[in-house]
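Student: Below is the file coords.cif, with mmCIF, C-alpha atoms and all ligand atoms.
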data_structure
#
loop_
_atom_site.group_PDB
_atom_site.id
_atom_site.type_symbol
_atom_site.label_atom_id
_atom_site.label_comp_id
_atom_site.auth_asym_id
_atom_site.auth_seq_id
_atom_site.Cartn_x
_atom_site.Cartn_y
_atom_site.Cartn_z
ATOM 1 C CA MET A 1 59.141 -35.359 -46.667
ATOM 2 C CA LYS A 2 61.288 -37.497 -44.425
ATOM 3 C CA GLN A 3 62.327 -36.152 -41.054
ATOM 4 C CA ALA A 4 65.072 -37.259 -38.648
ATOM 5 C CA TYR A 5 64.053 -38.772 -35.309
ATOM 6 C CA PRO A 6 66.521 -39.809 -32.583
ATOM 7 C CA PHE A 7 65.989 -43.400 -31.456
ATOM 8 C CA THR A 8 67.378 -45.811 -28.888
ATOM 9 C CA LYS A 9 67.388 -49.538 -29.547
ATOM 10 C CA MET A 10 66.960 -51.543 -26.342
ATOM 11 C CA HIS A 11 66.259 -55.127 -25.433
ATOM 12 C CA GLY A 12 64.893 -57.131 -22.540
ATOM 13 C CA LEU A 13 66.336 -60.645 -22.868
ATOM 14 C CA GLY A 14 66.681 -60.218 -26.612
ATOM 15 C CA ASN A 15 63.129 -58.901 -27.121
ATOM 16 C CA CYS A 16 64.219 -55.713 -28.879
ATOM 17 C CA TYR A 17 62.313 -52.567 -29.787
ATOM 18 C CA ILE A 18 63.101 -49.175 -31.242
ATOM 19 C CA TYR A 19 62.315 -46.588 -28.567
ATOM 20 C CA LEU A 20 61.339 -43.018 -29.469
ATOM 21 C CA ASP A 21 61.430 -40.427 -26.695
ATOM 22 C CA GLY A 22 58.352 -38.244 -27.118
ATOM 23 C CA ILE A 23 58.998 -36.476 -23.819
ATOM 24 C CA THR A 24 62.258 -34.873 -24.947
ATOM 25 C CA ASN A 25 61.386 -34.656 -28.664
ATOM 26 C CA ASP A 26 58.313 -33.681 -30.676
ATOM 27 C CA LEU A 27 57.024 -36.793 -32.440
ATOM 28 C CA GLU A 28 54.859 -35.660 -35.291
ATOM 29 C CA ILE A 29 54.630 -38.936 -37.129
ATOM 30 C CA PRO A 30 51.515 -39.603 -39.216
ATOM 31 C CA SER A 31 51.442 -43.369 -38.667
ATOM 32 C CA TYR A 32 53.188 -45.185 -35.820
ATOM 33 C CA ALA A 33 51.965 -48.459 -37.307
ATOM 34 C CA GLU A 34 53.785 -47.704 -40.562
ATOM 35 C CA LEU A 35 56.875 -46.529 -38.687
ATOM 36 C CA SER A 36 56.912 -49.745 -36.657
ATOM 37 C CA ARG A 37 56.819 -51.833 -39.824
ATOM 38 C CA GLN A 38 59.602 -49.689 -41.290
ATOM 39 C CA VAL A 39 62.013 -49.730 -38.341
ATOM 40 C CA SER A 40 61.426 -53.429 -37.599
ATOM 41 C CA ASP A 41 62.578 -54.458 -41.077
ATOM 42 C CA PRO A 42 66.190 -55.710 -40.761
ATOM 43 C CA TYR A 43 67.030 -54.779 -44.362
ATOM 44 C CA LYS A 44 65.198 -51.509 -45.019
ATOM 45 C CA GLY A 45 64.961 -50.418 -41.383
ATOM 46 C CA ILE A 46 66.872 -51.025 -38.170
ATOM 47 C CA GLY A 47 65.649 -54.509 -37.234
ATOM 48 C CA SER A 48 63.461 -55.041 -34.158
ATOM 49 C CA ASP A 49 60.366 -56.733 -32.758
ATOM 50 C CA GLY A 50 58.485 -53.438 -33.014
ATOM 51 C CA LEU A 51 58.332 -49.821 -31.887
ATOM 52 C CA ILE A 52 57.840 -48.341 -28.412
ATOM 53 C CA LEU A 53 56.989 -44.721 -27.675
ATOM 54 C CA ILE A 54 57.902 -43.040 -24.393
ATOM 55 C CA LEU A 55 55.414 -40.226 -23.877
ATOM 56 C CA PRO A 56 54.209 -37.729 -21.269
ATOM 57 C CA SER A 57 51.275 -38.897 -19.153
ATOM 58 C CA ASP A 58 48.585 -37.020 -17.286
ATOM 59 C CA GLN A 59 47.892 -39.966 -14.944
ATOM 60 C CA ALA A 60 51.322 -41.544 -14.341
ATOM 61 C CA ASP A 61 54.964 -40.444 -14.404
ATOM 62 C CA VAL A 62 55.381 -41.489 -18.059
ATOM 63 C CA ARG A 63 53.397 -43.338 -20.710
ATOM 64 C CA MET A 64 54.343 -46.256 -22.966
ATOM 65 C CA ARG A 65 52.789 -47.244 -26.300
ATOM 66 C CA ILE A 66 53.867 -50.483 -28.006
ATOM 67 C CA PHE A 67 53.493 -51.444 -31.660
ATOM 68 C CA ASN A 68 54.291 -54.935 -32.921
ATOM 69 C CA LYS A 69 56.402 -55.621 -36.006
ATOM 70 C CA ASP A 70 53.249 -55.769 -38.171
ATOM 71 C CA GLY A 71 52.077 -52.343 -36.925
ATOM 72 C CA SER A 72 49.355 -53.610 -34.580
ATOM 73 C CA GLU A 73 49.210 -51.847 -31.213
ATOM 74 C CA ALA A 74 49.283 -53.975 -28.034
ATOM 75 C CA LYS A 75 48.023 -52.942 -24.615
ATOM 76 C CA ASN A 76 51.007 -54.190 -22.653
ATOM 77 C CA CYS A 77 54.622 -55.291 -23.003
ATOM 78 C CA GLY A 78 56.626 -56.620 -20.069
ATOM 79 C CA ASN A 79 60.075 -56.356 -21.620
ATOM 80 C CA GLY A 80 59.148 -52.918 -22.940
ATOM 81 C CA LEU A 81 58.122 -51.723 -19.468
ATOM 82 C CA ARG A 82 61.518 -52.666 -18.026
ATOM 83 C CA CYS A 83 63.362 -50.917 -20.880
ATOM 84 C CA VAL A 84 61.167 -47.809 -20.575
ATOM 85 C CA ALA A 85 61.929 -47.791 -16.833
ATOM 86 C CA LYS A 86 65.669 -47.962 -17.517
ATOM 87 C CA TYR A 87 65.470 -45.228 -20.160
ATOM 88 C CA VAL A 88 63.428 -42.715 -18.157
ATOM 89 C CA TYR A 89 65.514 -43.220 -15.013
ATOM 90 C CA GLU A 90 68.870 -42.898 -16.792
ATOM 91 C CA HIS A 91 67.661 -39.865 -18.794
ATOM 92 C CA GLN A 92 66.401 -38.230 -15.593
ATOM 93 C CA LEU A 93 62.825 -38.061 -16.862
ATOM 94 C CA VAL A 94 61.763 -39.319 -13.414
ATOM 95 C CA ASP A 95 63.307 -38.329 -10.123
ATOM 96 C CA SER A 96 63.036 -41.464 -8.002
ATOM 97 C CA ARG A 97 63.854 -45.146 -8.399
ATOM 98 C CA SER A 98 60.173 -46.011 -8.095
ATOM 99 C CA PHE A 99 57.612 -44.572 -10.503
ATOM 100 C CA THR A 100 54.529 -45.323 -12.597
ATOM 101 C CA ILE A 101 54.179 -46.075 -16.310
ATOM 102 C CA GLU A 102 50.823 -45.655 -18.068
ATOM 103 C CA THR A 103 49.880 -48.333 -20.603
ATOM 104 C CA LEU A 104 46.654 -49.109 -22.449
ATOM 105 C CA SER A 105 46.152 -51.823 -19.797
ATOM 106 C CA GLY A 106 46.499 -49.449 -16.843
ATOM 107 C CA ASN A 107 49.283 -47.880 -14.813
ATOM 108 C CA LYS A 108 52.171 -50.132 -13.753
ATOM 109 C CA ASN A 109 54.563 -49.481 -10.861
ATOM 110 C CA ALA A 110 58.231 -49.905 -11.742
ATOM 111 C CA GLU A 111 61.222 -49.979 -9.439
ATOM 112 C CA VAL A 112 64.779 -49.882 -10.734
ATOM 113 C CA ARG A 113 67.889 -51.343 -9.096
ATOM 114 C CA LEU A 114 71.228 -49.744 -9.854
ATOM 115 C CA ASN A 115 74.722 -50.997 -10.477
ATOM 116 C CA ASP A 116 77.386 -48.279 -10.811
ATOM 117 C CA GLY A 117 74.656 -45.668 -11.346
ATOM 118 C CA LEU A 118 73.099 -47.522 -14.291
ATOM 119 C CA VAL A 119 69.872 -49.498 -14.166
ATOM 120 C CA ASP A 120 70.708 -53.178 -13.804
ATOM 121 C CA ARG A 121 67.400 -54.825 -12.965
ATOM 122 C CA VAL A 122 63.806 -53.634 -12.946
ATOM 123 C CA THR A 123 60.810 -54.968 -11.040
ATOM 124 C CA VAL A 124 57.403 -54.164 -12.506
ATOM 125 C CA ASP A 125 54.116 -54.807 -10.749
ATOM 126 C CA MET A 126 52.166 -56.182 -13.708
ATOM 127 C CA GLY A 127 48.858 -56.091 -11.819
ATOM 128 C CA GLU A 128 46.212 -58.781 -11.597
ATOM 129 C CA PRO A 129 45.964 -61.426 -14.319
ATOM 130 C CA ILE A 130 42.666 -61.425 -16.227
ATOM 131 C CA LEU A 131 41.149 -64.897 -16.245
ATOM 132 C CA GLU A 132 37.582 -64.484 -17.529
ATOM 133 C CA ARG A 133 37.067 -65.906 -21.002
ATOM 134 C CA GLY A 134 35.190 -62.869 -22.304
ATOM 135 C CA ARG A 135 37.829 -60.435 -21.087
ATOM 136 C CA ILE A 136 40.902 -62.321 -22.407
ATOM 137 C CA PRO A 137 39.149 -62.715 -24.948
ATOM 138 C CA VAL A 138 38.500 -66.300 -26.101
ATOM 139 C CA ALA A 139 35.401 -66.839 -28.280
ATOM 140 C CA GLY A 140 32.522 -69.170 -27.336
ATOM 141 C CA GLY A 141 31.703 -70.626 -23.931
ATOM 142 C CA ASN A 142 30.728 -68.756 -20.782
ATOM 143 C CA PRO A 143 32.388 -65.301 -20.841
ATOM 144 C CA ASP A 144 32.619 -65.204 -17.021
ATOM 145 C CA GLN A 145 34.478 -68.493 -16.637
ATOM 146 C CA THR A 146 38.177 -69.316 -16.758
ATOM 147 C CA VAL A 147 39.766 -71.114 -19.708
ATOM 148 C CA ILE A 148 41.823 -73.900 -18.166
ATOM 149 C CA ARG A 149 42.968 -77.042 -20.006
ATOM 150 C CA GLU A 150 40.631 -76.358 -22.906
ATOM 151 C CA PRO A 151 40.897 -78.892 -25.738
ATOM 152 C CA LEU A 152 41.688 -77.593 -29.205
ATOM 153 C CA GLU A 153 41.706 -79.937 -32.172
ATOM 154 C CA ILE A 154 43.966 -79.107 -35.079
ATOM 155 C CA ASP A 155 44.585 -81.468 -38.012
ATOM 156 C CA GLY A 156 43.319 -84.434 -35.989
ATOM 157 C CA VAL A 157 45.579 -83.688 -32.997
ATOM 158 C CA THR A 158 44.001 -82.563 -29.698
ATOM 159 C CA TYR A 159 46.046 -79.950 -27.848
ATOM 160 C CA THR A 160 44.998 -78.350 -24.559
ATOM 161 C CA PHE A 161 45.624 -74.752 -23.567
ATOM 162 C CA THR A 162 45.017 -72.354 -20.695
ATOM 163 C CA ALA A 163 44.307 -68.712 -21.506
ATOM 164 C CA VAL A 164 45.415 -65.717 -19.434
ATOM 165 C CA SER A 165 45.510 -62.001 -20.172
ATOM 166 C CA MET A 166 48.137 -59.736 -18.656
ATOM 167 C CA GLY A 167 46.463 -56.833 -20.443
ATOM 168 C CA ASN A 168 47.268 -58.723 -23.646
ATOM 169 C CA PRO A 169 46.047 -62.240 -24.459
ATOM 170 C CA HIS A 170 48.121 -65.397 -24.046
ATOM 171 C CA ALA A 171 47.340 -69.063 -24.820
ATOM 172 C CA LEU A 172 49.637 -71.418 -22.915
ATOM 173 C CA PHE A 173 50.403 -74.980 -23.992
ATOM 174 C CA PHE A 174 52.221 -77.313 -21.576
ATOM 175 C CA VAL A 175 54.912 -79.414 -23.227
ATOM 176 C CA ASP A 176 57.650 -81.835 -22.185
ATOM 177 C CA ASP A 177 60.338 -79.950 -24.045
ATOM 178 C CA VAL A 178 60.053 -76.371 -25.340
ATOM 179 C CA ALA A 179 62.779 -77.072 -27.924
ATOM 180 C CA THR A 180 60.518 -79.476 -29.816
ATOM 181 C CA ALA A 181 57.188 -77.686 -29.187
ATOM 182 C CA PRO A 182 55.057 -77.068 -32.327
ATOM 183 C CA ILE A 183 55.770 -73.328 -32.151
ATOM 184 C CA HIS A 184 55.756 -72.682 -35.920
ATOM 185 C CA LYS A 185 52.616 -74.726 -36.526
ATOM 186 C CA LEU A 186 50.494 -73.387 -33.650
ATOM 187 C CA GLY A 187 52.039 -69.912 -33.571
ATOM 188 C CA SER A 188 51.472 -69.125 -37.225
ATOM 189 C CA LEU A 189 47.965 -70.636 -37.124
ATOM 190 C CA LEU A 190 46.617 -69.134 -33.893
ATOM 191 C CA ALA A 191 48.379 -65.820 -33.270
ATOM 192 C CA ASP A 192 46.776 -63.368 -35.648
ATOM 193 C CA THR A 193 43.620 -64.563 -37.401
ATOM 194 C CA TYR A 194 42.224 -67.698 -35.705
ATOM 195 C CA PRO A 195 38.511 -67.105 -34.887
ATOM 196 C CA LEU A 196 38.791 -68.619 -31.367
ATOM 197 C CA PHE A 197 40.962 -65.622 -30.445
ATOM 198 C CA PRO A 198 39.074 -62.583 -31.752
ATOM 199 C CA ASN A 199 41.868 -60.143 -30.790
ATOM 200 C CA GLY A 200 44.659 -62.554 -31.719
ATOM 201 C CA VAL A 201 46.785 -64.257 -29.084
ATOM 202 C CA ASN A 202 50.391 -64.687 -28.007
ATOM 203 C CA VAL A 203 51.122 -68.418 -28.244
ATOM 204 C CA GLY A 204 53.339 -69.755 -25.457
ATOM 205 C CA PHE A 205 54.829 -73.142 -24.600
ATOM 206 C CA ILE A 206 55.797 -73.882 -21.023
ATOM 207 C CA HIS A 207 57.615 -76.734 -19.364
ATOM 208 C CA PRO A 208 57.660 -76.468 -15.538
ATOM 209 C CA LEU A 209 60.911 -77.900 -14.149
ATOM 210 C CA SER A 210 60.009 -77.499 -10.449
ATOM 211 C CA ASP A 211 57.934 -75.172 -8.232
ATOM 212 C CA HIS A 212 60.588 -72.514 -8.836
ATOM 213 C CA GLU A 213 61.660 -72.955 -12.433
ATOM 214 C CA ALA A 214 60.177 -73.291 -15.919
ATOM 215 C CA ASP A 215 61.189 -73.172 -19.570
ATOM 216 C CA TYR A 216 59.069 -70.996 -21.869
ATOM 217 C CA ARG A 217 59.057 -70.157 -25.585
ATOM 218 C CA VAL A 218 56.740 -67.839 -27.468
ATOM 219 C CA TRP A 219 55.291 -66.895 -30.835
ATOM 220 C CA GLU A 220 54.050 -63.351 -30.380
ATOM 221 C CA ARG A 221 50.940 -61.909 -31.940
ATOM 222 C CA GLY A 222 52.036 -59.342 -34.512
ATOM 223 C CA SER A 223 55.739 -60.185 -34.338
ATOM 224 C CA GLY A 224 56.256 -63.969 -34.626
ATOM 225 C CA ILE A 225 58.946 -65.816 -32.667
ATOM 226 C CA THR A 226 60.825 -63.538 -30.270
ATOM 227 C CA GLN A 227 63.622 -64.226 -27.810
ATOM 228 C CA ALA A 228 61.422 -63.358 -24.850
ATOM 229 C CA CYS A 229 58.022 -62.042 -23.798
ATOM 230 C CA GLY A 230 57.600 -60.506 -20.352
ATOM 231 C CA THR A 231 53.811 -60.612 -20.256
ATOM 232 C CA GLY A 232 54.038 -64.167 -21.626
ATOM 233 C CA ALA A 233 56.395 -65.241 -18.833
ATOM 234 C CA CYS A 234 53.894 -63.810 -16.309
ATOM 235 C CA ALA A 235 50.951 -65.510 -18.045
ATOM 236 C CA SER A 236 52.798 -68.834 -18.209
ATOM 237 C CA VAL A 237 53.437 -68.851 -14.454
ATOM 238 C CA VAL A 238 49.782 -67.961 -13.800
ATOM 239 C CA ALA A 239 48.690 -70.787 -16.127
ATOM 240 C CA ALA A 240 51.033 -73.262 -14.423
ATOM 241 C CA ILE A 241 49.543 -72.324 -11.038
ATOM 242 C CA LEU A 242 45.971 -72.531 -12.385
ATOM 243 C CA GLU A 243 46.746 -76.010 -13.692
ATOM 244 C CA SER A 244 48.295 -76.925 -10.277
ATOM 245 C CA ARG A 245 51.625 -77.630 -11.940
ATOM 246 C CA ILE A 246 53.523 -75.209 -9.658
ATOM 247 C CA LYS A 247 52.708 -73.477 -6.351
ATOM 248 C CA LYS A 248 51.567 -69.891 -5.919
ATOM 249 C CA ASP A 249 53.383 -67.225 -3.904
ATOM 250 C CA CYS A 250 57.011 -68.041 -4.583
ATOM 251 C CA PRO A 251 59.234 -66.540 -7.272
ATOM 252 C CA VAL A 252 59.587 -68.694 -10.377
ATOM 253 C CA THR A 253 62.630 -68.365 -12.618
ATOM 254 C CA VAL A 254 61.397 -68.515 -16.191
ATOM 255 C CA HIS A 255 64.056 -69.491 -18.717
ATOM 256 C CA LEU A 256 63.389 -67.800 -22.069
ATOM 257 C CA ALA A 257 65.463 -68.068 -25.249
ATOM 258 C CA GLY A 258 67.124 -64.719 -24.445
ATOM 259 C CA GLY A 259 67.636 -65.130 -20.687
ATOM 260 C CA ASP A 260 65.808 -65.438 -17.363
ATOM 261 C CA LEU A 261 62.958 -63.567 -15.675
ATOM 262 C CA SER A 262 61.766 -63.897 -12.100
ATOM 263 C CA ILE A 263 57.972 -64.023 -11.856
ATOM 264 C CA GLU A 264 55.875 -64.129 -8.709
ATOM 265 C CA TRP A 265 52.069 -64.296 -8.470
ATOM 266 C CA GLN A 266 51.409 -63.017 -4.969
ATOM 267 C CA VAL A 267 48.596 -64.521 -2.899
ATOM 268 C CA THR A 268 48.040 -61.432 -0.754
ATOM 269 C CA THR A 269 47.727 -58.876 -3.551
ATOM 270 C CA ASN A 270 46.776 -61.162 -6.490
ATOM 271 C CA HIS A 271 49.359 -59.137 -8.444
ATOM 272 C CA VAL A 272 52.090 -60.589 -10.651
ATOM 273 C CA LEU A 273 55.599 -59.195 -10.133
ATOM 274 C CA MET A 274 58.172 -59.412 -12.901
ATOM 275 C CA THR A 275 61.901 -58.819 -12.331
ATOM 276 C CA GLY A 276 64.615 -58.861 -14.964
ATOM 277 C CA GLY A 277 67.203 -56.977 -16.930
ATOM 278 C CA ALA A 278 66.985 -54.261 -19.552
ATOM 279 C CA GLU A 279 69.777 -53.273 -21.929
ATOM 280 C CA THR A 280 70.589 -50.399 -24.247
ATOM 281 C CA ILE A 281 71.991 -51.588 -27.599
ATOM 282 C CA CYS A 282 72.601 -48.390 -29.551
ATOM 283 C CA GLU A 283 71.328 -44.905 -30.330
ATOM 284 C CA GLY A 284 70.937 -43.206 -33.681
ATOM 285 C CA ILE A 285 68.761 -41.243 -36.055
ATOM 286 C CA VAL A 286 65.973 -42.812 -38.083
ATOM 287 C CA TYR A 287 64.521 -41.074 -41.144
ATOM 288 C CA ALA A 288 60.758 -41.358 -41.307
ATOM 289 C CA GLU A 289 57.856 -39.526 -42.851
ATOM 290 C CA GLY A 290 57.143 -36.433 -40.764
ATOM 291 C CA ALA A 291 53.837 -34.764 -40.081
ATOM 292 C CA GLY A 292 53.863 -33.159 -43.541
ATOM 293 C CA GLY A 293 54.670 -36.432 -45.310
ATOM 294 C CA LYS A 294 52.352 -38.935 -46.909
HETATM 295 N N1 LIG B 301 57.063 -58.843 -26.082
HETATM 296 C C1 LIG B 301 56.081 -58.254 -25.259
HETATM 297 C C2 LIG B 301 54.658 -58.316 -25.701
HETATM 298 C C3 LIG B 301 54.452 -57.473 -26.957
HETATM 299 C C4 LIG B 301 53.028 -57.406 -27.409
HETATM 300 C C5 LIG B 301 52.483 -58.719 -27.887
HETATM 301 N N2 LIG B 301 53.103 -59.179 -29.082
HETATM 302 C C6 LIG B 301 50.969 -58.554 -28.120
HETATM 303 O O1 LIG B 301 50.556 -58.269 -29.248
HETATM 304 O O2 LIG B 301 50.219 -58.703 -27.160
HETATM 305 C C7 LIG B 301 56.302 -58.543 -23.789
HETATM 306 O O3 LIG B 301 57.481 -58.565 -23.391
HETATM 307 O O4 LIG B 301 55.353 -58.649 -23.013
#
Using structure tokens, write down the structure from this file.
Tutor:
Amino acid sequence: MKQAYPFTKMHGLGNCYIYLDGITNDLEIPSYAELSRQVSDPYKGIGSDGLILILPSDQADVRMRIFNKDGSEAKNCGNGLRCVAKYVYEHQLVDSRSFTIETLSGNKNAEVRLNDGLVDRVTVDMGEPILERGRIPVAGGNPDQTVIREPLEIDGVTYTFTAVSMGNPHALFFVDDVATAPIHKLGSLLADTYPLFPNGVNVGFIHPLSDHEADYRVWERGSGITQACGTGACASVVAAILESRIKKDCPVTVHLAGGDLSIEWQVTTNHVLMTGGAETICEGIVYAEGAGGK
């Protein structure tokens, strides 16, 4: 039997998810994967890049779980973290402007900045990038080494990529113009089932404009092309620094299809800081199979 669940639709730079508040409400849903597929559908659902749950945590102030459009669960989501931070602060589920959010890739510190009492911008400490091949993961090669400028031949064309995990895997391709990057070709081929990336990979294209600015576009694992990817923006700046295309330790403005993020990979801490906006689109009720349903 279908049950009614209150939802909030939010976006970070156009990367939109349906958020369910499992702190205020009981969420007895048999399959979050199925629910994510349902709500993401623009015709039979609400329309989104996936589903995000806001849950109680026994090791942080709150906990986030993220499901892609295809129902797969990811370990991290940068735009989701900023939206969760906005939601829990504005719904008084935390009592200070600085708090922690548990994810499958560890606890992240978030700090919100206010404008007229509402959350305007959020900075999240995304932690240390993971650079070892075996931990990203990328198949083959030495699992303890980095994956920088690795050649990849597809249909007779040799591309090169650098791989970085921000808790979730990213392959970054440097291009002269993100508007003409082969995002459909490489995204659809590599993201979900290509053997080189045993857990799939988010496929990003980056064009550094200076030491402080870069264009970036993404095809996300499990969701396809999205307007923005927070972990991808972080990974792209890390990759650009690893390839000596930009300098470390200064904020880089990353231009995504849906807006800008400020990303800084700090020398002293080795942590990546992400700052950007988060927006509430609408609230409503979604009808989904409840605990007693099939
Ligand atoms: N859009 C997100 C990342 C969502 C998960 C990703 N598709 C994956 O499967 O790793 C972000 O803002 O980071």
Student: Kindly assemble as JSON lines a list of the chain A residues that lie within 8 Å of ligand LIG 301 (chain B), each paired with its nearest atom pair and their distance in Å to one decimal, using all atoms listed in the file, sorted first by chain and then by ascending residue number.
Tutor:
{"residue": "A:Gly12", "atom": "CA", "partner": "B:LIG301", "partner_atom": "O3", "distance": 7.6}
{"residue": "A:Asn15", "atom": "CA", "partner": "B:LIG301", "partner_atom": "N1", "distance": 6.2}
{"residue": "A:Asp49", "atom": "CA", "partner": "B:LIG301", "partner_atom": "N1", "distance": 7.7}
{"residue": "A:Ile66", "atom": "CA", "partner": "B:LIG301", "partner_atom": "C4", "distance": 7.0}
{"residue": "A:Phe67", "atom": "CA", "partner": "B:LIG301", "partner_atom": "C4", "distance": 7.3}
{"residue": "A:Asn68", "atom": "CA", "partner": "B:LIG301", "partner_atom": "N2", "distance": 5.8}
{"residue": "A:Ser72", "atom": "CA", "partner": "B:LIG301", "partner_atom": "O1", "distance": 7.2}
{"residue": "A:Glu73", "atom": "CA", "partner": "B:LIG301", "partner_atom": "O1", "distance": 6.8}
{"residue": "A:Ala74", "atom": "CA", "partner": "B:LIG301", "partner_atom": "O1", "distance": 4.6}
{"residue": "A:Lys75", "atom": "CA", "partner": "B:LIG301", "partner_atom": "O2", "distance": 6.7}
{"residue": "A:Asn76", "atom": "CA", "partner": "B:LIG301", "partner_atom": "C4", "distance": 6.1}
{"residue": "A:Cys77", "atom": "CA", "partner": "B:LIG301", "partner_atom": "O4", "distance": 3.4}
{"residue": "A:Gly78", "atom": "CA", "partner": "B:LIG301", "partner_atom": "O4", "distance": 3.8}
{"residue": "A:Asn79", "atom": "CA", "partner": "B:LIG301", "partner_atom": "O3", "distance": 3.8}
{"residue": "A:Gly80", "atom": "CA", "partner": "B:LIG301", "partner_atom": "O3", "distance": 5.9}
{"residue": "A:Leu81", "atom": "CA", "partner": "B:LIG301", "partner_atom": "O3", "distance": 7.9}
{"residue": "A:Gly167", "atom": "CA", "partner": "B:LIG301", "partner_atom": "O2", "distance": 7.9}
{"residue": "A:Asn168", "atom": "CA", "partner": "B:LIG301", "partner_atom": "O2", "distance": 4.6}
{"residue": "A:Pro169", "atom": "CA", "partner": "B:LIG301", "partner_atom": "O2", "distance": 6.1}
{"residue": "A:His170", "atom": "CA", "partner": "B:LIG301", "partner_atom": "O2", "distance": 7.7}
{"residue": "A:Gly200", "atom": "CA", "partner": "B:LIG301", "partner_atom": "O1", "distance": 7.7}
{"residue": "A:Val201", "atom": "CA", "partner": "B:LIG301", "partner_atom": "O2", "distance": 6.8}
{"residue": "A:Asn202", "atom": "CA", "partner": "B:LIG301", "partner_atom": "O2", "distance": 6.0}
{"residue": "A:Glu220", "atom": "CA", "partner": "B:LIG301", "partner_atom": "N2", "distance": 4.5}
{"residue": "A:Arg221", "atom": "CA", "partner": "B:LIG301", "partner_atom": "N2", "distance": 4.5}
{"residue": "A:Gly222", "atom": "CA", "partner": "B:LIG301", "partner_atom": "N2", "distance": 5.5}
{"residue": "A:Ser223", "atom": "CA", "partner": "B:LIG301", "partner_atom": "N2", "distance": 6.0}
{"residue": "A:Gly224", "atom": "CA", "partner": "B:LIG301", "partner_atom": "N2", "distance": 8.0}
{"residue": "A:Thr226", "atom": "CA", "partner": "B:LIG301", "partner_atom": "N1", "distance": 7.3}
{"residue": "A:Ala228", "atom": "CA", "partner": "B:LIG301", "partner_atom": "O3", "distance": 6.4}
{"residue": "A:Cys229", "atom": "CA", "partner": "B:LIG301", "partner_atom": "O3", "distance": 3.5}
{"residue": "A:Gly230", "atom": "CA", "partner": "B:LIG301", "partner_atom": "O3", "distance": 3.6}
{"residue": "A:Thr231", "atom": "CA", "partner": "B:LIG301", "partner_atom": "O4", "distance": 3.7}
{"residue": "A:Gly232", "atom": "CA", "partner": "B:LIG301", "partner_atom": "O4", "distance": 5.8}
{"residue": "A:Ala233", "atom": "CA", "partner": "B:LIG301", "partner_atom": "O4", "distance": 7.9}
Student: Ranking A:Val178, A:Ile241, A:Ala4, A:Met166 by minimum distance to Tyr287 (chain A) and counting only C-alpha atoms, which one comes first?
Tutor: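 Closest residue, counting only C-alpha atoms: A:Ala4.
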Student: Determine the nearest neighbour of Pro30 (chain A) from the options A:Lys2, A:Ala179, A:Gly50, A:Leu55, counting only C-alpha atoms.
Tutor: A:Lys2
Student: Applied to this file, what does the PyMOL selection byres (((chain A and resi 33-48) around 6) and not hetatm) return in terms of residues, put as number ranges by chain?
Tutor: A: 16-17, 31-32, 49-51, 69-71
Student: Tell me which of A:Thr162, A:Asn25, A:Thr123, A:Ser236 sits closest to Ile136 (chain A), counting only C-alpha atoms.
Tutor: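 Nearest candidate to Ile136 (chain A) out of A:Thr162, A:Asn25, A:Thr123, A:Ser236: A:Thr162.
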Student: Counting all atoms listed in the file, find the residues whose atoms lie at most 7 Å from (57.5, -70.6, -35.1) (file coordinates) and write them out as a list in words.
Tutor: Ile183, His184, Lys185, Gly187, Ser188, Trp219, Gly224 and Ile225 of chain A
Student: Could you save the residues just selected, with C-alpha atoms, as a compact mmCIF listing (two decimals), in the frame of the given file?
Tutor:
# COMPACT_ATOMS: atom_id res chain seq x y z
CA ILE A 183 55.77 -73.33 -32.15
CA HIS A 184 55.76 -72.68 -35.92
CA LYS A 185 52.62 -74.73 -36.53
CA GLY A 187 52.04 -69.91 -33.57
CA SER A 188 51.47 -69.12 -37.22
CA TRP A 219 55.29 -66.90 -30.84
CA GLY A 224 56.26 -63.97 -34.63
CA ILE A 225 58.95 -65.82 -32.67
Student: How big is the axis-aligned box around all listed atoms of region 213-222 of chain A once 3 Å goes on each side, and where's its centre, in Å to one decimal, as AutoDock Vina command-line options?
Tutor:
--center_x 56.3 --center_y -66.3 --center_z -23.5 --size_x 16.7 --size_y 19.9 --size_z 28.1
Student: What's the separation between CA of Pro198 (chain A) and CA of Val147 (chain A), in Å to one decimal place?
Tutor: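 According to the coordinates, CA of Pro198 (chain A) and CA of Val147 (chain A) are separated by 14.8 Å.
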Student: Go ahead and compute the interatomic distance for CA of Met126 (chain A) and CA of His271 (chain A), in Å to one decimal.
Tutor: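 Separating CA of Met126 (chain A) from CA of His271 (chain A) is a distance of 6.7 Å.
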Student: Applied to this file, what does the PyMOL selection byres (((chain A and resi 101) around 9) and not hetatm) return in terms of residues, put as number ranges by chain?
Tutor: A: 57, 59-64, 81, 84-85, 99-100, 102-103, 106-110
Student: Hey, can you spit out that residue selection with C-alpha atoms as a tab-separated table (two decimals), keeping the file's coordinate frame?
Tutor:
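Result written to selection18.tsv:
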chain	number	residue	atom	x	y	z
A	57	SER	CA	51.28	-38.90	-19.15
A	59	GLN	CA	47.89	-39.97	-14.94
A	60	ALA	CA	51.32	-41.54	-14.34
A	61	ASP	CA	54.96	-40.44	-14.40
A	62	VAL	CA	55.38	-41.49	-18.06
A	63	ARG	CA	53.40	-43.34	-20.71
A	64	MET	CA	54.34	-46.26	-22.97
A	81	LEU	CA	58.12	-51.72	-19.47
A	84	VAL	CA	61.17	-47.81	-20.58
A	85	ALA	CA	61.93	-47.79	-16.83
A	99	PHE	CA	57.61	-44.57	-10.50
A	100	THR	CA	54.53	-45.32	-12.60
A	102	GLU	CA	50.82	-45.66	-18.07
A	103	THR	CA	49.88	-48.33	-20.60
A	106	GLY	CA	46.50	-49.45	-16.84
A	107	ASN	CA	49.28	-47.88	-14.81
A	108	LYS	CA	52.17	-50.13	-13.75
A	109	ASN	CA	54.56	-49.48	-10.86
A	110	ALA	CA	58.23	-49.90	-11.74
